[in-house]
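Chemist: This is the structure I want to talk about, given as structure tokens.
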Amino acid sequence: MSLHVESGPSTRAPVPPSRRHGRPGPGRVFLSWLDLKAAPYLLISPYYLLFLLFGIFPLGFTLWYSLYDYDLAGTVEWTGLGNYTALLADSAFWNAVVNTLGMFVIATVPQILLALLLANALNKRIRGRLFVRLGVLLPLVTSVVAVAVVFTQLYGRDWGLFNWILGSVGVDPVDWKAERLPSWLAISTMIDWRWTGYNAIIFLAAMQTIPKDLYEAAAIDGASRRRQFWQITIPMLRPTMIFVVLNSTIGGLTLFAEPTTFYGGNVHGGSNSQFQTVSMFIVEQGFREFDYGYAAGAAWLLFLMILIGSLINFLLIRRIGGRK
Amino acid sequence: MIDRSRRGRMLAVAAATALALSVTAACGGDGDEAPSGGSSAAAPVTIKVQTFGGGKNFGYKEAIDKWNASHTDIKIQEEHLTDQFEQVYWPQMIQWLQSGSGAGDVVGIDEGGMGLAKAHPEWWADLGEYGLSSRQGDFAPWKWDGGLTADGKLFGLGTDLGGMSLCYRRDLFEKAGLPADRDEVGKLWPTWDDFIKVGQEFQSKVKDTKFVDGTNTLYNVVLVQEAAKNGGVSYFDKSNNLIVDKNPAIKTAYDFAVKISQDGLTAKLRNFTPEWNTGMKKSQFATLGCPSWMLGAVSGDDGAGPEFSGKWDVAAVPGGGGNWGGSWLAVPKQSKHPKEAAAVADYLTGKEGEISVFTYSGNMPSNTQAQQDPAVQGAKNEYFNDAPVGEIFAKSASTLQPVYLGVKHAQVKNAVESVVSALDDGSVPYDQAWQKLQDDAVKAAG
């Protein structure tokens, strides 16, 4: 829906013919100004008020807290940047950062490639197109926790399906929760299961806006299907790609539900924090060890991390298909 | 911009949303408990009791039903919040206590939280004001003192205690050629060294079942026994200094955990996880350290379940007694009905209340009068092959040596247990685990 400033006859009274100078009175001018200039802001204000209340205010409040040594059930003392210097020297924090980035890369790169291929396939004339297109969105409808619970069972060390399959081809069972890389892989598959279809549908929508004549011209020039995909489809998808990648960056860096459920709801993320993400680290510090200030500081570092991550990705993606 | 049919649909969506919101709002109204006006004469006061724990948790169902059937002035309503104390219940409770609203009229607190609770007298109603100081004779001195704030006021009354025993699978012991009778099994392992020897023998005969669940359960069992021998302190000394590097009890328990792991006696399962529960159903381990409340965790549907009824039994624990767990009931200062809440806490921790809890759930009473009652002393547990659990746990309760738990005990315990699990699942090498345990404990205590 787009907002239209143009108002219908019912809201803007036609200016009545003025007997004296042909000019409306000052009250009318104000009303008309209000209608034209203020009304749009008024109409969009609910969102911004809510954003102010639930977005900006907590952000500022967290920043304020992060400057205190704030023990939930103890003392509150000003520490300035003490929490930040401690965090930057905290190996547990860096472990969480590495885990988060690692899982982000393992999950997002294949996910976006797969989504692209899927969208390309769905863009062709195939039987039951609507059905198939809806089908790829289905995983998104299931709750994150349900997905995580099922996958956690599949990845069970002793009785899981994946280890049974590995065993049947002679591979030793993998302890998916104890070893770092396997745990990242397991969690990444949960994320991809849920989000690949969503991204594919967004890519598909964008693909359908690409003018057909570009492909026709390329075909006449003798470009193969594959060449058309890389030289026309991908560059034309650039704005969409930026959206999808930024979205995945934000989602990936704030990862919480899947790894938490994977360890039975414990935010420690594995016995040795093998898959503890920054979000889980924040919850552990704030709500398990009651160190509010420290958790607030970590939350701000995560915020900065997302800003930097988004910027890097934005710059990288903008280069797709050459400079224009 | 929008065509007509589309707009119609959006209206429908908006209407549906509005409807949904109004329904939720209506539900929200149910929270108000104070019945205003109407039949003003005998509006009963509702006392909300908040509890935690798996299985039958505090075991209050029958005791509360009985009270509600015979009282018109005060009604008890139990609110069981979660299975998890340290991870979920306690953090939430602290936020409620700090902010001054949200907590129930009576709240359960595990021993791990009592250090912190004692340090905050401003959270609690003084139960002495409601005449409950007279209850002192009902409890062992350590259990009574546990419910006193740092400035000496009574705020908590003891519910249950852990005691200690060792649960084992009769059928699997027979399979390994070991005796299955509980007295003979108890004689197999007077010490933990003997226990390991029995384990090695068991493991040489039985391949697809491990002797113990993992490192965590028995680490805790050995720790509470050793702590009682080493001045009654665990992770903290009595002035709340972290002594994880100085207390020999921790090193002894840790070394034992390393030993059973290195000897391949563990099924590498962390206790109280879904995998651990599955492990019981799939007979992945043959013994388990068993405070009284653990019996419910084994026999419950989440644990081994009815299929294994009669296959488990209870024997004496190596190294003698010990206590792991046990809780208190307290009345938060924010309660609007502290007098009635105190009466409810008095009832639930009284002789009759604790006997009802024991017969319903098996939680061992901390009330000494209840302990000595024939209903407790003579009790047998059908699931555990009619083991005389009342006698076993009452005996371990009478020899119990209390252990002081510091203000940050829950946090340090959490951190240490992760390392003790990590050395078992292989994610922290044995030679680095002790250092990591120290480092993480210091961090959690800071």
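A note on labels: chains of the structure tokens are A, B, ... as shown, every chain counts residues from 1, and ligands are counted from 1 in their shown order.
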Wanna dump the chain B-chain A contacts at 8 Å for me, each residue with its shortest atom pair and the distance in Å to one decimal, counting only C-alpha atoms, ordered by chain and number, as CSV?

Modeler:
residue,atom,partner,partner_atom,distance
B:Met1,CA,A:Met1,CA,7.2
B:Ile2,CA,A:Met1,CA,7.5
B:Glu86,CA,A:Arg288,CA,7.6
B:Gln87,CA,A:Arg288,CA,6.4
B:Pro91,CA,A:Phe287,CA,5.9
B:Ile94,CA,A:Ala73,CA,7.0
B:Gln95,CA,A:Leu72,CA,7.5
B:Gln98,CA,A:Ala73,CA,7.0
B:Thr273,CA,A:Gly264,CA,6.3
B:Pro274,CA,A:Gly264,CA,6.9
B:Glu275,CA,A:Gly156,CA,7.8
B:Gln411,CA,A:Glu289,CA,6.0
B:Ser418,CA,A:Ser271,CA,4.8
B:Val419,CA,A:Ser271,CA,6.4
B:Ser421,CA,A:Ser271,CA,6.0
B:Ala422,CA,A:Ser271,CA,4.8
B:Asp425,CA,A:Ala178,CA,6.1
B:Gly426,CA,A:Ala178,CA,7.0
B:Ser427,CA,A:Ala178,CA,5.7
B:Val428,CA,A:Asn272,CA,6.9
B:Ala444,CA,A:Glu289,CA,6.6

Chemist: Go through stretch 36-227 of chain B and collect every residue that DSSP, computed from the backbone, puts in strand (DSSP E or B); the answer should be as number ranges by chain.

Modeler: B: 45-52, 74-82, 106-110, 124, 139, 148, 154, 156-158, 160-161, 165-169, 210-212

Chemist: At a cut-off of 10 Å, using only C-alpha atoms, what residues contact A:Ala218? Leave out same-chain residues fewer than 5 positions from it and give the result as a list in words.

Modeler: Asp213, Ala223, Ser224, Arg225, Arg227, Gln228, Gln231 and Ile232 of chain A

Chemist: For those residues, write C-alpha atoms to a file as an mmCIF file, in the first residue's frame.

Modeler:
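Result file is result.cif:
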data_model
loop_
_atom_site.group_PDB
_atom_site.id
_atom_site.type_symbol
_atom_site.label_atom_id
_atom_site.label_comp_id
_atom_site.auth_asym_id
_atom_site.auth_seq_id
_atom_site.Cartn_x
_atom_site.Cartn_y
_atom_site.Cartn_z
ATOM 1 C CA ASP A 213 12.880 -8.946 -24.601
ATOM 2 C CA ALA A 223 23.647 -16.697 -25.734
ATOM 3 C CA SER A 224 23.084 -20.026 -24.016
ATOM 4 C CA ARG A 225 20.554 -20.490 -21.212
ATOM 5 C CA ARG A 227 24.906 -17.465 -20.056
ATOM 6 C CA GLN A 228 21.528 -15.710 -19.951
ATOM 7 C CA GLN A 231 24.620 -12.225 -17.615
ATOM 8 C CA ILE A 232 20.999 -11.104 -17.446
#

Chemist: Can you tell me which residues surround A:Thr62 at a distance of at most 8 Å, considering only C-alpha atoms, apart from same-chain residues fewer than 4 positions away, and format the answer as a PyMOL selection string?

Modeler: chain A and resi 58+66+296-297+299-300

Chemist: Name all residues at most 8 Å from A:Met103 (count only C-alpha atoms; drop same-chain ones fewer than 2 positions away) and give them as a list in words.

Modeler: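 Within the cut-off, the hits are Asn99, Thr100, Leu101, Val105, Ile106, Ala107, Trp184, Leu185, Ile187, Ser188 and Gly252 of chain A.
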
Chemist: Filtering to all heavy atoms, could you give me those residues as a short mmCIF file (atom, residue, chain, number, x, y, z; two decimals), in the first residue's frame?

Modeler:
data_model
loop_
_atom_site.label_atom_id
_atom_site.label_comp_id
_atom_site.auth_asym_id
_atom_site.auth_seq_id
_atom_site.Cartn_x
_atom_site.Cartn_y
_atom_site.Cartn_z
N ASN A 99 31.54 -18.35 16.55
CA ASN A 99 30.44 -19.29 16.27
C ASN A 99 29.38 -18.64 15.40
O ASN A 99 28.88 -19.24 14.44
CB ASN A 99 29.78 -19.74 17.58
CG ASN A 99 30.66 -20.65 18.39
OD1 ASN A 99 31.63 -21.21 17.86
ND2 ASN A 99 30.35 -20.80 19.65
N THR A 100 29.01 -17.41 15.76
CA THR A 100 27.94 -16.73 15.04
C THR A 100 28.34 -16.51 13.58
O THR A 100 27.57 -16.81 12.66
CB THR A 100 27.63 -15.38 15.71
OG1 THR A 100 27.45 -15.60 17.09
CG2 THR A 100 26.40 -14.75 15.12
N LEU A 101 29.57 -16.00 13.38
CA LEU A 101 30.02 -15.74 12.01
C LEU A 101 30.15 -17.04 11.24
O LEU A 101 29.76 -17.13 10.08
CB LEU A 101 31.35 -14.98 12.02
CG LEU A 101 31.29 -13.56 12.59
CD1 LEU A 101 32.67 -12.94 12.62
CD2 LEU A 101 30.33 -12.70 11.76
N VAL A 105 28.07 -17.93 7.82
CA VAL A 105 28.64 -18.24 6.50
C VAL A 105 28.17 -19.61 6.03
O VAL A 105 27.68 -19.77 4.90
CB VAL A 105 30.19 -18.19 6.56
CG1 VAL A 105 30.79 -18.70 5.26
CG2 VAL A 105 30.64 -16.77 6.84
N ILE A 106 28.26 -20.62 6.92
CA ILE A 106 27.88 -21.98 6.52
C ILE A 106 26.40 -22.04 6.14
O ILE A 106 26.00 -22.77 5.24
CB ILE A 106 28.18 -22.97 7.66
CG1 ILE A 106 29.69 -23.08 7.85
CG2 ILE A 106 27.62 -24.35 7.34
CD1 ILE A 106 30.07 -24.06 8.92
N ALA A 107 25.58 -21.25 6.82
CA ALA A 107 24.15 -21.31 6.54
C ALA A 107 23.78 -20.45 5.33
O ALA A 107 23.02 -20.88 4.47
CB ALA A 107 23.36 -20.86 7.77
N TRP A 184 27.79 -26.87 13.97
CA TRP A 184 27.48 -25.74 13.09
C TRP A 184 26.69 -26.20 11.87
O TRP A 184 25.73 -25.56 11.45
CB TRP A 184 28.76 -25.06 12.61
CG TRP A 184 29.50 -24.31 13.67
CD1 TRP A 184 29.20 -24.26 15.00
CD2 TRP A 184 30.66 -23.52 13.48
NE1 TRP A 184 30.11 -23.49 15.65
CE2 TRP A 184 31.03 -23.01 14.76
CE3 TRP A 184 31.45 -23.18 12.39
CZ2 TRP A 184 32.12 -22.18 14.94
CZ3 TRP A 184 32.54 -22.35 12.57
CH2 TRP A 184 32.88 -21.86 13.84
N LEU A 185 27.14 -27.33 11.31
CA LEU A 185 26.45 -27.87 10.13
C LEU A 185 25.00 -28.20 10.46
O LEU A 185 24.08 -27.85 9.71
CB LEU A 185 27.15 -29.14 9.64
CG LEU A 185 28.37 -28.94 8.76
CD1 LEU A 185 29.03 -30.29 8.48
CD2 LEU A 185 27.96 -28.28 7.44
N ILE A 187 23.05 -27.02 12.79
CA ILE A 187 22.23 -25.83 13.00
C ILE A 187 21.99 -25.11 11.67
O ILE A 187 20.89 -24.61 11.41
CB ILE A 187 22.89 -24.92 14.06
CG1 ILE A 187 22.82 -25.61 15.41
CG2 ILE A 187 22.20 -23.57 14.12
CD1 ILE A 187 23.77 -25.07 16.43
N SER A 188 23.01 -25.10 10.82
CA SER A 188 22.85 -24.43 9.52
C SER A 188 21.76 -25.09 8.68
O SER A 188 21.00 -24.41 8.00
CB SER A 188 24.17 -24.45 8.75
OG SER A 188 25.14 -23.73 9.48
N GLY A 252 20.98 -13.95 10.56
CA GLY A 252 22.07 -14.87 10.90
C GLY A 252 22.86 -14.40 12.11
O GLY A 252 23.24 -15.19 12.96
#

Chemist: Please measure the separation of atom CA of A:Leu214 and atom CA of A:Ile317, giving the value in Å to one decimal.

Modeler: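 If I compute the distance from atom CA of A:Leu214 to atom CA of A:Ile317, I get 22.1 Å.
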
Chemist: Residues near B:Gly264, anyone? I mean within 12 Å using only C-alpha atoms, not counting same-chain ones fewer than 2 positions away, as a ChimeraX atom specification.

Modeler: /B:196,199-204,207,209-215,257-262,266-268,285,424-426

Chemist: So that I can check the secondary structure, give me every residue of stretch 112-259 of chain A assigned alpha helix (DSSP H) by backbone DSSP, as a ChimeraX atom specification.

Modeler: /A:112-122,129-141,144-154,161-168,180-207,212-220,225-228,234-236,238-253,257-259

Chemist: State, in Å with one decimal place, the distance from atom CA of A:Phe51 to atom CA of A:Thr142.

Modeler: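 Going from atom CA of A:Phe51 over to atom CA of A:Thr142, I get 27.1 Å.
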
Chemist: So that I can see what lies close to stretch 300-306 of chain B, please list as an NGL selection string the residues with an atom at most 9 Å from it, counting only C-alpha atoms and leaving out residues fewer than 4 positions away in the same chain.

Modeler: :B and (54-56 or 274 or 276-283 or 295-296 or 310 or 383)

Chemist: Dump C-alpha atoms for the selected residues as an mmCIF file, in the first residue's frame?

Modeler:
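So again21.cif came out as:
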data_model
loop_
_atom_site.group_PDB
_atom_site.id
_atom_site.type_symbol
_atom_site.label_atom_id
_atom_site.label_comp_id
_atom_site.auth_asym_id
_atom_site.auth_seq_id
_atom_site.Cartn_x
_atom_site.Cartn_y
_atom_site.Cartn_z
ATOM 1 C CA GLY B 54 10.224 -32.179 36.710
ATOM 2 C CA GLY B 55 7.891 -35.121 37.215
ATOM 3 C CA LYS B 56 5.636 -34.563 40.208
ATOM 4 C CA PRO B 274 16.247 -35.204 26.446
ATOM 5 C CA TRP B 276 19.519 -38.616 29.071
ATOM 6 C CA ASN B 277 15.801 -39.410 29.330
ATOM 7 C CA THR B 278 15.995 -41.424 26.116
ATOM 8 C CA GLY B 279 19.057 -43.152 27.544
ATOM 9 C CA MET B 280 16.936 -44.517 30.417
ATOM 10 C CA LYS B 281 14.302 -45.802 28.014
ATOM 11 C CA LYS B 282 16.980 -47.464 25.866
ATOM 12 C CA SER B 283 18.890 -48.961 28.832
ATOM 13 C CA LEU B 295 13.345 -41.646 42.018
ATOM 14 C CA GLY B 296 10.530 -39.612 40.479
ATOM 15 C CA GLY B 310 10.465 -53.515 38.997
ATOM 16 C CA TYR B 383 8.614 -49.181 40.922
#

Chemist: What is the distance, in Å and to one decimal place, between atom CA of A:Gln208 and atom CA of A:Val245?

Modeler: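 These two atoms are separated by 19.4 Å.
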